[in-house]
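S.K.: This is the structure, below, for whatever I ask next.
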Amino acid sequence: MPTTTAPGALRVLHVASEVEPLSKTGGLADVAAALPRALVQLGVKVAVVTPRYRSVDVGRWALARRLRPLPVQLGHTMEVTVHEGNLPGSPVTLYAVDHPVFDRDGIYGDKHGEFGDNWLRFGLLSRAALHIGQELWGGVDVVHAHDWQGGLAPLWTARGVGGARGSVLTIHNMAFLGMAPPGLIGELGLPPEVWSPEGLEFYGKGSLLKAGIVFADRVTTVSPRYAREIRTPEGGYGMDGLLRARAGKLSGILNGVDYQLWSPERDPRLPANYRAGDLAGKALCKAALQRELELPVRPDVPLFGAISRITDQKGWDLLVSHEVEAELAALDAQIVILGSGDGGLEHRLRGLSQRLPSKLALRTGYDDGLAHRIMAGSDLYLMPSRFEPCGLTQLYALRYGTVPVVRATGGLDDSVVDHDAPTGTGTGFKVHDYAPHALLATMRRAAAVFRQRVELRGLIQRGMAMDFSWSASARRYLTLYQEIAKEKSGK
Ligand code: ADP
C-alpha cells in the first residue's frame with residue numbers, strides 16, 4: 001500500500017474543528033483523524049487544518065511553528081500563526097491554526113456555556129484553512145469541510161477563495177446549526193448577497209451549516225439512514241426542505257472504525273487481550289472492570305456498558321424515568337455509564353446510581369483508558385439514542401464482542417442487525433419506540449439471551465466478524481472527490 005503519493009495525486013484539504021489525538025469532544029475527532037489516514041492509503045494527498053486550542057501541546061505532537069504569521073482576510077485582517085507537522089504516525093499533513101480566539105479553556109465553551117463568538121472563531125478557521133491550502137500546502141483540488149464549524153469553507157471555495165475546484169460538506173450532527181448574528185456578514189467580510197434565504201440566512205439569523213449545505217458541491221452525512229432522516233421535518237431542524245431540494249447531491253456514507261486503536265487483540269489499555277476464538281481475556285476484563293467500579297464481581301450477571309455524552313440526544317432520560325426505576329431495580333443486571341455533558345441529566349443519573357449502587361455505576365468526565373476497559377469488560381453495550389447520525393461506539397462494541405443494545409435510528413439502525421433466535425441471525429438488540437418501557441423490555445430480552453450461552457456466543461461471533469474498516473467508506477468519499485474534480489474540469 002502506498003504511503004507516499006504519486007505526483008498528480010488528488011489533493012484534499014480537510015477543515016475540522018477537532019481531530020484525534022489533539023482535541024476531541026466526540027465522533028468528529030475520530031473521523032477527522034481516521035478518514036485522512038484511509039485516503040492516503042488510496043493514493044490521495046491529504047492535509048487537515050484544525051485549531052490549536054489551549055490544550056493542544058504542539059511540542060508533544062512535534063508541530064513546528066512557521067515563523068511568518070499568515071494574514072487572513074475577513075472583514076478585517078486577522079493574523080494567525082501556523083504550526084505544521086503530521087497527523088501522528090501518518091503521512092497526512094497537519095496544520096494547527098493559532099490565534100488568541102482559540103487560546104481558551106474549552107473547545108466550544110467553558111463553565112459559563114458556549115462561547116458567543118464561535119461563528120467568528122470557526123469562520124477564521126475556515127478562511128485560514130483555504131489560505132493555508134493554497135499558500136503553504138501548494139494547492140488544493142477539493143476542500144472537505146466538517147460540520148457547521150467548516151461551513152463557510154464551501155461558500156468561500158465557491159467564490160474562488162483558495163483556488164480549489166470544489167468542496168464537500170459532511171454533516172456529523174444536524175442538531176448543531178452554527179447560528180450567527182446578522183453582523184457576521186460585515187465581520188467575516190462575506191458578500192452581502194449571501195444574506196438571503198437562498199444563502200446562509202435562516203429565520204433572521206445566519207447559519208454556518210446552511211452556508212455549507214447551500215454552497216458545497218456534495219453534502220454527506222455519516223450514515224445512509226441519517227441522510228434520509230434529515231430530509232424529514234423530525235430530523236431536519238428546519239432545513240429538511242432545503243435538504244430535500246438538494247437530495248441529488250446528498251448521500252450517506254457510514255463512518256468506519258480505526259481498528260489500530262480499537263481491537264481487543266492488541267489494545268494496550270486492557271488488563272487482558274482476547275480474540276473471537278478465545279474469549280478468556282474478556283472474562284478477565286469483566287472481572288477487573290467490576291472491581292474497578294466497585295460493583296459485585298459476578299460473571300453470571302449481564303453487564304451493560306455505555307460511553308457517551310450525557311445529553312438529550314443519547315437517550316439517558318429513558319433510564320432515569322421514574323416509570324421504570326422499579327423495573328430496573330428488579331432486573332438482575334449491572335450498568336456502567338462513562339460520560340459527561342448535561343448537568344441536570346448527570347445529576348439524575350447520579351441519583352439513580354446512589355439508589356441502586358450495586359446496579360448502576362456512573363463515572364463522569366472524559367477518560368479514554370476507562371472507555372477502552374468498559375468496551376472490553378462489558379457484555380452488552382447500551383445506546384438508546386433519540387437520534388444518532390452514525391454512532392461509533394456501537395461499532396467498537398461489535399469488535400469487542402460486546403453485544404449492542406441500540407435504538408433503531410440513524411447509523412445504529414444501519415449497523416446493527418436485530419437478534420432473531422429462530423434463524424440464528426443478528427448482531428444485537430434493537431429498541432424501536434423511544435419510550436422507557438420499550439428500553440427496559442429490550443434490556444430484559446438481551447439479559448435473557450445473555451444467559452443462553454449458545455445464542456450469546458453466536459451473537460458475539462457474528463458481531464466480532466463484522467468489518468467496518470475505513471477503506472470501503474474512504475473509497476466512497478474518493479468517488480465524490482473525483483466526480484467534483486471531473487465536473488469542474490469540464491467547465
Ligand atoms: P458523538 O460524536 O455523538 O459524541 P460517537 O459515538 O460518534 O458519538 O463518538 C463518541 C466518541 O467519543 C467515541 O470515540 C467515544 O469513545 C468517545 N467518548 C465519548 N464520551 C467519552 C468519555 N466520557 N470518555 C472517553 N471517551 C468518550
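Residues are referred to by chain and number: the chain letter is A, B, ... according to the order shown in the C-alpha cells, the number counts from 1 in that chain, and ligands are numbered separately from 1 in the order shown.
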At a cut-off of 9 Å and counting only C-alpha atoms and all ligand atoms, what residues surround ligand 1? Please answer as a count of residues only.
M.R.: 44
S.K.: Which residues of segment 179-282 of chain A have any atom within 12 Å of an atom in segment 120-139 of chain A when counting only C-alpha atoms, and what is the closest pair of atoms for each, with the distance in Å to one decimal? Order the rows by chain and rising number and write it as JSON lines.
M.R.:
```
{"residue": "A:Met179", "atom": "CA", "partner": "A:Leu120", "partner_atom": "CA", "distance": 10.6}
{"residue": "A:Ala180", "atom": "CA", "partner": "A:Leu120", "partner_atom": "CA", "distance": 8.4}
{"residue": "A:Pro181", "atom": "CA", "partner": "A:Leu120", "partner_atom": "CA", "distance": 10.2}
{"residue": "A:Pro182", "atom": "CA", "partner": "A:Leu120", "partner_atom": "CA", "distance": 12.0}
{"residue": "A:Gly183", "atom": "CA", "partner": "A:Leu120", "partner_atom": "CA", "distance": 10.3}
{"residue": "A:Leu184", "atom": "CA", "partner": "A:Leu120", "partner_atom": "CA", "distance": 7.5}
{"residue": "A:Ile185", "atom": "CA", "partner": "A:Leu120", "partner_atom": "CA", "distance": 10.5}
{"residue": "A:Gly186", "atom": "CA", "partner": "A:Leu120", "partner_atom": "CA", "distance": 11.1}
{"residue": "A:Glu187", "atom": "CA", "partner": "A:Leu120", "partner_atom": "CA", "distance": 7.8}
{"residue": "A:Leu188", "atom": "CA", "partner": "A:Gly123", "partner_atom": "CA", "distance": 6.9}
{"residue": "A:Gly189", "atom": "CA", "partner": "A:Gly123", "partner_atom": "CA", "distance": 10.1}
{"residue": "A:Leu190", "atom": "CA", "partner": "A:Gly123", "partner_atom": "CA", "distance": 10.1}
{"residue": "A:Gly206", "atom": "CA", "partner": "A:Leu120", "partner_atom": "CA", "distance": 11.8}
{"residue": "A:Ser207", "atom": "CA", "partner": "A:Gly123", "partner_atom": "CA", "distance": 11.4}
{"residue": "A:Leu208", "atom": "CA", "partner": "A:Gly123", "partner_atom": "CA", "distance": 8.4}
{"residue": "A:Leu209", "atom": "CA", "partner": "A:Phe122", "partner_atom": "CA", "distance": 11.3}
{"residue": "A:Ala211", "atom": "CA", "partner": "A:Gly123", "partner_atom": "CA", "distance": 11.2}
{"residue": "A:Gly212", "atom": "CA", "partner": "A:Ser126", "partner_atom": "CA", "distance": 11.0}
```
S.K.: Residues of the last selection are to be written out with all heavy atoms, as a short mmCIF file (atom, residue, chain, number, x, y, z; two decimals), in the first residue's frame.
M.R.:
```
data_model
loop_
_atom_site.label_atom_id
_atom_site.label_comp_id
_atom_site.auth_asym_id
_atom_site.auth_seq_id
_atom_site.Cartn_x
_atom_site.Cartn_y
_atom_site.Cartn_z
N MET A 179 -25.33 28.92 14.55
CA MET A 179 -26.04 30.18 14.36
C MET A 179 -25.12 31.38 14.62
O MET A 179 -24.22 31.32 15.45
CB MET A 179 -27.25 30.25 15.30
CG MET A 179 -28.27 29.15 15.07
SD MET A 179 -28.83 29.02 13.35
CE MET A 179 -29.79 30.53 13.25
N ALA A 180 -25.42 32.46 13.89
CA ALA A 180 -24.59 33.66 13.99
C ALA A 180 -25.49 34.89 13.84
O ALA A 180 -26.53 34.83 13.17
CB ALA A 180 -23.54 33.65 12.88
N PRO A 181 -25.08 36.01 14.44
CA PRO A 181 -25.87 37.24 14.29
C PRO A 181 -25.70 37.82 12.88
O PRO A 181 -24.71 37.50 12.19
CB PRO A 181 -25.26 38.17 15.34
CG PRO A 181 -23.87 37.69 15.51
CD PRO A 181 -23.90 36.21 15.27
N PRO A 182 -26.63 38.69 12.45
CA PRO A 182 -26.51 39.27 11.10
C PRO A 182 -25.18 39.97 10.87
O PRO A 182 -24.69 40.03 9.73
CB PRO A 182 -27.67 40.27 11.04
CG PRO A 182 -28.65 39.81 12.06
CD PRO A 182 -27.85 39.13 13.14
N GLY A 183 -24.57 40.45 11.96
CA GLY A 183 -23.29 41.15 11.83
C GLY A 183 -22.18 40.29 11.26
O GLY A 183 -21.10 40.79 10.92
N LEU A 184 -22.42 38.99 11.11
CA LEU A 184 -21.33 38.13 10.59
C LEU A 184 -20.92 38.54 9.18
O LEU A 184 -19.76 38.36 8.80
CB LEU A 184 -21.70 36.64 10.66
CG LEU A 184 -22.33 35.95 9.44
CD1 LEU A 184 -22.07 34.46 9.49
CD2 LEU A 184 -23.80 36.21 9.36
N ILE A 185 -21.89 39.08 8.41
CA ILE A 185 -21.57 39.43 7.02
C ILE A 185 -20.43 40.44 7.00
O ILE A 185 -19.42 40.25 6.30
CB ILE A 185 -22.83 40.00 6.31
CG1 ILE A 185 -23.93 38.92 6.27
CG2 ILE A 185 -22.50 40.52 4.91
CD1 ILE A 185 -23.66 37.74 5.36
N GLY A 186 -20.57 41.50 7.83
CA GLY A 186 -19.52 42.52 7.87
C GLY A 186 -18.26 42.00 8.56
O GLY A 186 -17.14 42.16 8.05
N GLU A 187 -18.45 41.33 9.70
CA GLU A 187 -17.29 40.88 10.49
C GLU A 187 -16.42 39.89 9.71
O GLU A 187 -15.20 39.86 9.84
CB GLU A 187 -17.76 40.19 11.77
CG GLU A 187 -18.36 41.10 12.79
CD GLU A 187 -17.31 41.81 13.62
OE1 GLU A 187 -16.21 41.27 13.78
OE2 GLU A 187 -17.62 42.93 14.08
N LEU A 188 -17.07 39.01 8.94
CA LEU A 188 -16.31 37.99 8.23
C LEU A 188 -16.03 38.38 6.78
O LEU A 188 -15.43 37.61 6.03
CB LEU A 188 -17.05 36.64 8.28
CG LEU A 188 -17.24 36.04 9.67
CD1 LEU A 188 -18.01 34.73 9.59
CD2 LEU A 188 -15.90 35.80 10.36
N GLY A 189 -16.50 39.58 6.39
CA GLY A 189 -16.25 40.03 5.03
C GLY A 189 -16.93 39.15 3.99
O GLY A 189 -16.38 38.89 2.92
N LEU A 190 -18.14 38.71 4.31
CA LEU A 190 -18.87 37.85 3.36
C LEU A 190 -19.59 38.72 2.33
O LEU A 190 -19.98 39.85 2.63
CB LEU A 190 -19.90 37.00 4.12
CG LEU A 190 -19.30 35.93 5.03
CD1 LEU A 190 -20.33 35.42 6.03
CD2 LEU A 190 -18.75 34.77 4.20
N GLY A 206 -27.91 34.08 10.84
CA GLY A 206 -27.09 33.35 9.89
C GLY A 206 -26.86 31.93 10.41
O GLY A 206 -26.84 31.71 11.61
N SER A 207 -26.72 30.96 9.51
CA SER A 207 -26.37 29.60 9.90
C SER A 207 -25.17 29.15 9.08
O SER A 207 -25.23 29.10 7.85
CB SER A 207 -27.55 28.64 9.67
OG SER A 207 -27.08 27.31 9.61
N LEU A 208 -24.10 28.84 9.78
CA LEU A 208 -22.89 28.39 9.07
C LEU A 208 -23.10 27.03 8.44
O LEU A 208 -22.55 26.72 7.38
CB LEU A 208 -21.69 28.36 10.04
CG LEU A 208 -20.90 29.67 10.14
CD1 LEU A 208 -21.76 30.85 10.53
CD2 LEU A 208 -19.73 29.54 11.11
N LEU A 209 -23.95 26.19 9.08
CA LEU A 209 -24.23 24.89 8.48
C LEU A 209 -24.97 25.07 7.16
O LEU A 209 -24.66 24.42 6.16
CB LEU A 209 -25.07 24.02 9.43
CG LEU A 209 -25.27 22.59 8.91
CD1 LEU A 209 -23.97 21.79 9.01
CD2 LEU A 209 -26.39 21.87 9.65
N ALA A 211 -24.80 27.58 5.19
CA ALA A 211 -23.83 28.04 4.17
C ALA A 211 -23.17 26.84 3.51
O ALA A 211 -23.03 26.77 2.28
CB ALA A 211 -22.78 28.94 4.82
N GLY A 212 -22.78 25.87 4.33
CA GLY A 212 -22.14 24.69 3.78
C GLY A 212 -23.07 23.88 2.89
O GLY A 212 -22.70 23.44 1.81
#
```
S.K.: When you look at Leu22 of chain A with a cut-off of 8 Å (counting only C-alpha atoms), what residues show up, excluding the ones that are within fewer than 4 positions of it in the same chain? I need them as a VMD selection string.
M.R.: chain A and resid 18 56 to 57 61
S.K.: Each residue of segment 166-209 of chain A with at least one atom at most 8 Å from segment 219-235 of chain A should appear once, together with its nearest atom pair and the corresponding distance in Å (one decimal); atoms considered: only C-alpha atoms; ordering: chain, then increasing residue number; output as a tab-separated table.
M.R.:
```
residue	atom	partner	partner_atom	distance
A:Val168	CA	A:Val219	CA	5.7
A:Leu169	CA	A:Val219	CA	4.8
A:Thr170	CA	A:Thr220	CA	4.7
A:Ile171	CA	A:Thr221	CA	4.8
A:His172	CA	A:Val222	CA	6.0
A:Met174	CA	A:Ile230	CA	7.3
```
S.K.: Could the residues in this selection be saved with C-alpha atoms as a tab-separated table (two decimals), in the first residue's frame?
M.R.:
```tsv
chain	number	residue	atom	x	y	z
A	168	VAL	CA	-17.71	18.51	0.21
A	169	LEU	CA	-19.54	19.17	3.47
A	170	THR	CA	-20.01	16.31	5.90
A	171	ILE	CA	-22.74	16.70	8.49
A	172	HIS	CA	-21.84	14.71	11.58
A	174	MET	CA	-27.67	18.07	12.15
```
S.K.: Could you make a table, as a Markdown table, of the residues of segment 378-452 of chain A that have an atom within 9 Å of an atom of segment 260-272 of chain A, each with its nearest atom pair and distance in Å to one decimal, counting only C-alpha atoms, in chain and number order?
M.R.:
```
| residue | atom | partner | partner_atom | distance |
| --- | --- | --- | --- | --- |
| A:Tyr396 | CA | A:Trp262 | CA | 6.3 |
| A:Arg399 | CA | A:Ser263 | CA | 6.6 |
| A:Tyr400 | CA | A:Pro264 | CA | 5.8 |
| A:Gly401 | CA | A:Pro264 | CA | 8.8 |
```
S.K.: Using only C-alpha atoms, determine which residues lie at most 7 Å from segment 473-479 of chain A, disregarding the query and same-chain residues fewer than 2 positions distant; provide the list as a compact mmCIF listing (two decimals) with N, CA and C atoms, in the first residue's frame.
M.R.:
```txt
# COMPACT_ATOMS: atom_id res chain seq x y z
N LEU A 35 -10.30 9.13 8.60
CA LEU A 35 -10.60 9.23 7.17
C LEU A 35 -9.37 9.71 6.38
N ALA A 38 -7.02 6.89 5.90
CA ALA A 38 -7.51 5.89 4.95
C ALA A 38 -7.40 6.43 3.52
N LEU A 39 -7.59 7.71 3.34
CA LEU A 39 -7.49 8.30 1.99
C LEU A 39 -6.06 8.22 1.46
N ILE A 253 -22.69 8.15 4.01
CA ILE A 253 -21.54 7.22 3.99
C ILE A 253 -21.24 6.86 5.45
N LEU A 254 -21.40 5.59 5.76
CA LEU A 254 -21.20 5.15 7.15
C LEU A 254 -19.74 5.36 7.57
N ASN A 255 -19.56 5.88 8.78
CA ASN A 255 -18.19 6.02 9.30
C ASN A 255 -17.54 4.65 9.46
N GLY A 256 -16.25 4.66 9.43
CA GLY A 256 -15.52 3.42 9.70
C GLY A 256 -14.91 3.45 11.09
N TRP A 470 -12.22 1.51 7.55
CA TRP A 470 -12.42 2.73 6.80
C TRP A 470 -12.29 2.58 5.29
N SER A 471 -11.59 1.52 4.83
CA SER A 471 -11.22 1.53 3.41
C SER A 471 -12.43 1.64 2.49
N TYR A 481 -14.98 12.99 -4.54
CA TYR A 481 -13.92 13.96 -4.90
C TYR A 481 -13.66 13.90 -6.42
N GLN A 482 -13.59 12.65 -6.91
CA GLN A 482 -13.29 12.50 -8.35
C GLN A 482 -14.41 13.07 -9.21
N GLU A 483 -15.65 12.85 -8.76
CA GLU A 483 -16.78 13.42 -9.51
C GLU A 483 -16.67 14.94 -9.56
```
S.K.: Considering only C-alpha atoms, tabulate each residue of segment 67-110 of chain A that lies at most 12 Å from segment 144-159 of chain A along with its nearest interatomic pair and the corresponding distance in Å to one decimal; arrange the rows by chain and ascending residue number and present them as JSON lines.
M.R.:
```
{"residue": "A:Gln73", "atom": "CA", "partner": "A:Trp156", "partner_atom": "CA", "distance": 11.5}
{"residue": "A:Leu74", "atom": "CA", "partner": "A:Trp156", "partner_atom": "CA", "distance": 11.0}
{"residue": "A:Ile107", "atom": "CA", "partner": "A:Gln149", "partner_atom": "CA", "distance": 11.7}
{"residue": "A:Tyr108", "atom": "CA", "partner": "A:Gln149", "partner_atom": "CA", "distance": 10.2}
```
S.K.: Could you write those residues out with N, CA and C atoms, as a PDB file, in the first residue's frame?
M.R.:
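Generated file (part.pdb):
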```
ATOM      1  N   GLN A  73      -7.846  37.222   5.531  1.00  0.00           N
ATOM      2  CA  GLN A  73      -8.701  38.341   5.147  1.00  0.00           C
ATOM      3  C   GLN A  73     -10.160  38.065   5.475  1.00  0.00           C
ATOM      4  N   LEU A  74     -10.631  38.649   6.567  1.00  0.00           N
ATOM      5  CA  LEU A  74     -12.069  38.561   6.866  1.00  0.00           C
ATOM      6  C   LEU A  74     -12.615  39.982   6.683  1.00  0.00           C
ATOM      7  N   ILE A 107     -13.179  23.939  24.245  1.00  0.00           N
ATOM      8  CA  ILE A 107     -13.133  23.942  22.783  1.00  0.00           C
ATOM      9  C   ILE A 107     -14.259  24.796  22.200  1.00  0.00           C
ATOM     10  N   TYR A 108     -15.480  24.509  22.621  1.00  0.00           N
ATOM     11  CA  TYR A 108     -16.630  25.291  22.123  1.00  0.00           C
ATOM     12  C   TYR A 108     -17.234  26.177  23.206  1.00  0.00           C
TER      13      TYR A 108
END
```
S.K.: Using only C-alpha atoms, which residue out of A:Val214, A:Phe468, A:His437, A:Phe176 lies closest to Val194 of chain A?
M.R.: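 The shortest atom-to-atom distance to Val194 of chain A comes from A:Val214.
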